[in-house]
Structure formats: structure tokens, C-alpha cells
file model_3.cif (mmCIF, C-alpha atoms)
data_run
#
loop_
_atom_site.label_atom_id
_atom_site.label_comp_id
_atom_site.auth_asym_id
_atom_site.auth_seq_id
_atom_site.Cartn_x
_atom_site.Cartn_y
_atom_site.Cartn_z
CA THR A 1 -10.04 0.56 -7.09
CA LEU A 2 -10.35 4.04 -8.52
CA GLN A 3 -13.93 4.29 -7.23
CA ASN A 4 -12.81 3.17 -3.76
CA LEU A 5 -10.03 5.77 -3.72
CA ARG A 6 -12.52 8.49 -4.66
CA THR A 7 -14.57 7.68 -1.55
CA LEU A 8 -11.61 8.38 0.75
CA GLU A 9 -11.22 11.70 2.52
CA ILE A 10 -8.40 14.01 1.44
CA LYS A 11 -6.65 13.42 4.78
CA ASP A 12 -6.64 9.65 4.16
CA LEU A 13 -5.38 10.07 0.59
CA ARG A 14 -2.52 12.27 1.82
CA THR A 15 -1.67 9.75 4.56
CA GLN A 16 -1.51 6.88 2.07
CA LEU A 17 0.58 8.94 -0.34
CA SER A 18 2.98 9.80 2.50
CA GLN A 19 3.24 6.12 3.46
CA ASN A 20 4.26 5.44 -0.14
CA ASN A 21 6.86 8.25 -0.12
CA VAL A 22 4.92 10.40 -2.59
CA ARG A 23 5.13 14.16 -2.16
CA TRP A 24 1.65 15.60 -2.23
CA GLY A 25 2.28 19.18 -1.04
CA ASN A 26 1.82 20.68 -4.50
CA ILE A 27 -1.33 18.66 -5.29
CA ILE A 28 -4.43 20.75 -4.67
CA GLU A 29 -7.38 18.89 -6.21
CA LYS A 30 -8.76 15.70 -4.65
CA GLU A 31 -8.88 13.97 -8.04
CA GLU A 32 -5.16 14.62 -8.50
CA LEU A 33 -4.51 12.97 -5.12
CA VAL A 34 -6.64 10.00 -6.20
CA GLN A 35 -4.76 9.70 -9.50
CA ALA A 36 -1.37 9.93 -7.76
CA LEU A 37 -2.34 7.19 -5.30
CA CYS A 38 -3.78 5.07 -8.09
CA ASN A 39 -0.54 5.44 -10.06
CA ILE A 40 1.62 4.37 -7.11
CA MET A 41 -0.65 1.41 -6.44
CA GLU A 42 -0.36 0.37 -10.08
CA GLN A 43 3.44 0.70 -9.95
CA LYS A 44 3.54 -1.44 -6.82
CA PHE A 45 1.32 -4.03 -8.45
CA GLU A 46 3.53 -4.18 -11.54
CA ALA A 47 6.67 -4.43 -9.38
CA SER A 48 5.22 -7.27 -7.32
CA LYS A 49 3.38 -9.11 -10.09
CA ASN A 50 6.21 -11.56 -10.74
CA PHE A 51 7.87 -11.12 -7.37
CA SER A 52 5.32 -12.11 -4.74
CA ARG A 53 2.49 -14.64 -4.84
CA SER A 54 0.53 -12.86 -2.13
CA GLY A 55 1.35 -9.32 -3.28
CA GLU A 56 2.28 -8.39 0.28
CA ILE A 57 6.05 -8.57 -0.24
CA MET A 58 7.53 -5.77 -2.31
CA PRO A 59 10.98 -5.69 -3.92
CA GLY A 60 13.43 -3.51 -2.02
CA LYS A 61 11.23 -3.16 1.06
CA VAL A 62 11.68 -4.78 4.45
CA THR A 63 8.36 -6.41 5.31
CA ASP A 64 7.01 -8.15 8.40
CA VAL A 65 5.42 -11.42 7.31
CA ASP A 66 3.09 -13.55 9.39
CA ASP A 67 2.76 -17.30 8.97
CA ALA A 68 -0.28 -17.08 6.65
CA VAL A 69 1.56 -14.80 4.18
CA LEU A 70 4.68 -16.95 4.35
CA LEU A 71 2.70 -20.09 3.53
CA ARG A 72 1.06 -18.34 0.55
CA GLU A 73 4.48 -17.15 -0.65
CA LEU A 74 5.86 -20.68 -0.46
CA GLY A 75 2.91 -22.03 -2.43
CA TRP A 76 1.64 -24.19 0.40
CA ARG A 77 -1.91 -25.43 0.05
CA PRO A 78 -4.12 -26.34 3.03
CA SER A 79 -4.89 -29.79 1.60
CA GLY A 80 -1.19 -30.69 1.60
CA ASN A 81 -1.78 -32.40 -1.72
CA ALA A 82 1.19 -32.20 -4.10
CA ARG A 83 -1.02 -31.83 -7.16
CA ASP A 84 -2.37 -28.56 -5.68
CA ALA A 85 1.11 -27.02 -5.65
CA PRO A 86 1.92 -24.48 -8.38
CA ALA A 87 3.47 -25.91 -11.51
CA VAL A 88 6.96 -25.03 -12.67
CA ASP A 89 7.08 -24.87 -16.44
CA ALA A 90 9.05 -23.29 -19.30
CA ALA A 91 7.14 -20.01 -18.93
CA ASN A 92 8.48 -19.33 -15.45
CA THR A 93 11.90 -21.00 -15.51
CA GLY A 94 15.29 -20.14 -16.96
CA GLU A 95 17.55 -22.12 -19.28
CA LYS A 96 18.59 -24.60 -16.59
CA GLY A 97 15.04 -25.16 -15.32
CA THR A 98 15.47 -23.01 -12.23
CA PRO A 99 12.77 -20.47 -11.36
CA GLN A 100 13.47 -16.92 -12.58
CA HIS A 101 13.21 -14.45 -9.73
CA ALA A 102 15.33 -12.08 -7.75
CA PRO A 103 17.21 -13.54 -4.77
CA ILE A 104 15.18 -13.43 -1.58
CA LEU A 105 16.61 -12.81 1.87
CA LEU A 106 14.33 -14.18 4.56
CA ASP A 107 15.28 -12.89 8.00
CA VAL A 108 13.34 -14.50 10.81
CA TYR A 109 13.46 -12.46 13.99
CA ALA A 110 11.55 -11.68 17.15
CA THR A 111 10.42 -8.19 18.09
CA TRP A 112 11.79 -8.69 21.62
CA CYS A 113 15.24 -9.79 20.39
CA GLY A 114 17.86 -7.03 20.75
CA PRO A 115 20.37 -8.45 18.19
CA CYS A 116 17.51 -9.01 15.73
CA GLN A 117 16.40 -5.39 16.06
CA PHE A 118 20.03 -4.30 15.64
CA LEU A 119 19.98 -5.82 12.12
CA VAL A 120 16.83 -4.00 10.96
CA PRO A 121 18.60 -0.80 9.75
CA GLN A 122 21.21 -2.87 7.87
CA LEU A 123 18.50 -4.96 6.20
CA GLN A 124 16.59 -1.82 5.25
CA SER A 125 19.77 -0.34 3.79
CA ALA A 126 20.42 -3.51 1.78
CA ALA A 127 16.83 -3.45 0.52
CA GLU A 128 17.23 0.15 -0.66
CA GLU A 129 20.41 -0.73 -2.56
CA SER A 130 18.72 -3.45 -4.61
#

call {"tool": "encode", "arguments": {"input": "model_3.cif", "output": "C-alpha cells"}}
result
Amino acid sequence: TLQNLRTLEIKDLRTQLSQNNVRWGNIIEKEELVQALCNIMEQKFEASKNFSRSGEIMPGKVTDVDDAVLLRELGWRPSGNARDAPAVDAANTGEKGTPQHAPILLDVYATWCGPCQFLVPQLQSAAEES
């Protein structure tokens, strides 16, 4: 990943840092931009490691999810075979045998739906609070 980041142009590094809410105005050297982006990517990976199966859903962030990502998150396998489903064992469950993870709010909406779009700021605010 570090090698791939080093091949990016400075403009692209700054854009990605901005998208991740990282202030880059005082970073002058390209390598410092690369390191800052690498650090934020590592933090995101650590935050999502036990949160999301696909890695595309981040804690505290409102995310648009297509059907392929949703199926990966739910552990669905194309074969439909139960033995292909992920196992639930003592390593990933609590005292009562329930999976240990943060509560998940799944809001299904349509981009053309006015009331659905009305809820987006409230959902983003709730995500920031968590």
C-alpha cells in the first residue's frame, strides 16, 4: 500500500487526505503526505477490522451500500450452502452467546425519496455522536 501511495501525485494525495478530514496545509514534503494518508488508512482498517466484513462500512460514518456489499456484510455465500456461512464461536461471542459488536442501524432509502433524504442529516449527526 505504501508503494502505491508513493506513485500518486501530490494533488491526489491531498484530495484523499481531504476526503478523510485530514488537514494537510502544513505538510510540505510528498513523503509526509504519503505517511499521513497511510496512517489514516491504517486507523480506518483498525477501526473496521472487527466492525465490517467487507471493510466498506466504517463506524460512525453514514455509508451508501449496494446489494453486493450488503450480502458480504450479512455473510451470505453464493452457493447458499449453510456450511459456507461464517461460524459463531467463543472467540467472537459474549457471555450469553450473542455476537459482540456495536449496534448497527440499517436505513434503507431511495435517492429520489424526499422523506428519506430529509433523514440523512439526522443519521449523519447520530453517526458522529457514536

call {"tool": "atom_distance", "arguments": {"input": "model_3.cif", "atom1": "CA of Leu13 in chain A", "atom2": "CA of Phe45 in chain A"}}
result
18.0 Å

call {"tool": "closest_residue", "arguments": {"input": "model_3.cif", "among": "A:Glu46, A:Leu2, A:Gln35, A:Asn20", "to": "Lys61 in chain A", "atoms": "only C-alpha atoms"}}
result
A:Asn20

call {"tool": "atom_distance", "arguments": {"input": "model_3.cif", "atom1": "CA of Met41 in chain A", "atom2": "CA of Leu5 in chain A"}}
result
10.7 Å

call {"tool": "resolve_selection", "arguments": {"input": "model_3.cif", "expression": "the PyMOL selection byres ((chain A and resi 56) around 12)", "output": "ChimeraX atom specification"}}
result
/A:44-45,47-49,51-55,57-59,61-66,68-70,72-73

call {"tool": "atom_distance", "arguments": {"input": "model_3.cif", "atom1": "CA of Arg14 in chain A", "atom2": "CA of Glu42 in chain A"}}
result
17.0 Å

call {"tool": "build_atoms", "arguments": {"input": "model_3.cif", "residues": "range 24-41 of chain A", "atoms": "N, CA, C and O atoms", "output": "compact mmCIF listing (two decimals), keeping the file's coordinate frame"}}
result
# COMPACT_ATOMS: atom_id res chain seq x y z
N TRP A 24 2.97 15.15 -1.82
CA TRP A 24 1.65 15.60 -2.23
C TRP A 24 1.43 17.09 -1.94
O TRP A 24 0.35 17.61 -2.21
N GLY A 25 2.43 17.78 -1.44
CA GLY A 25 2.28 19.18 -1.04
C GLY A 25 1.84 20.11 -2.14
O GLY A 25 1.14 21.08 -1.91
N ASN A 26 2.21 19.80 -3.39
CA ASN A 26 1.82 20.68 -4.50
C ASN A 26 0.56 20.20 -5.21
O ASN A 26 0.17 20.78 -6.21
N ILE A 27 -0.08 19.16 -4.69
CA ILE A 27 -1.33 18.66 -5.29
C ILE A 27 -2.50 19.30 -4.55
O ILE A 27 -2.64 19.15 -3.33
N ILE A 28 -3.34 20.00 -5.29
CA ILE A 28 -4.43 20.75 -4.67
C ILE A 28 -5.76 20.01 -4.78
O ILE A 28 -6.48 19.86 -3.81
N GLU A 29 -6.08 19.51 -5.96
CA GLU A 29 -7.38 18.89 -6.21
C GLU A 29 -7.42 17.45 -5.69
O GLU A 29 -6.44 16.72 -5.76
N LYS A 30 -8.59 17.05 -5.17
CA LYS A 30 -8.76 15.70 -4.65
C LYS A 30 -8.54 14.67 -5.75
O LYS A 30 -7.89 13.64 -5.52
N GLU A 31 -9.03 14.93 -6.94
CA GLU A 31 -8.88 13.97 -8.04
C GLU A 31 -7.41 13.74 -8.38
O GLU A 31 -7.02 12.63 -8.73
N GLU A 32 -6.59 14.79 -8.25
CA GLU A 32 -5.16 14.62 -8.50
C GLU A 32 -4.53 13.73 -7.44
O GLU A 32 -3.64 12.92 -7.75
N LEU A 33 -4.98 13.85 -6.18
CA LEU A 33 -4.51 12.97 -5.12
C LEU A 33 -4.91 11.52 -5.42
O LEU A 33 -4.11 10.59 -5.25
N VAL A 34 -6.15 11.34 -5.85
CA VAL A 34 -6.64 10.00 -6.20
C VAL A 34 -5.80 9.41 -7.32
O VAL A 34 -5.38 8.26 -7.25
N GLN A 35 -5.54 10.19 -8.36
CA GLN A 35 -4.76 9.70 -9.50
C GLN A 35 -3.33 9.36 -9.08
O GLN A 35 -2.78 8.35 -9.51
N ALA A 36 -2.74 10.19 -8.22
CA ALA A 36 -1.37 9.93 -7.76
C ALA A 36 -1.32 8.63 -6.96
O ALA A 36 -0.40 7.82 -7.14
N LEU A 37 -2.30 8.41 -6.08
CA LEU A 37 -2.34 7.19 -5.30
C LEU A 37 -2.61 5.98 -6.19
O LEU A 37 -2.00 4.92 -6.02
N CYS A 38 -3.49 6.14 -7.14
CA CYS A 38 -3.78 5.07 -8.09
C CYS A 38 -2.53 4.69 -8.88
O CYS A 38 -2.24 3.51 -9.08
N ASN A 39 -1.77 5.69 -9.31
CA ASN A 39 -0.54 5.44 -10.06
C ASN A 39 0.48 4.67 -9.22
O ASN A 39 1.11 3.73 -9.71
N ILE A 40 0.65 5.06 -7.97
CA ILE A 40 1.62 4.37 -7.11
C ILE A 40 1.16 2.95 -6.82
O ILE A 40 1.97 2.03 -6.77
N MET A 41 -0.13 2.76 -6.67
CA MET A 41 -0.65 1.41 -6.44
C MET A 41 -0.41 0.54 -7.67
O MET A 41 -0.07 -0.64 -7.55
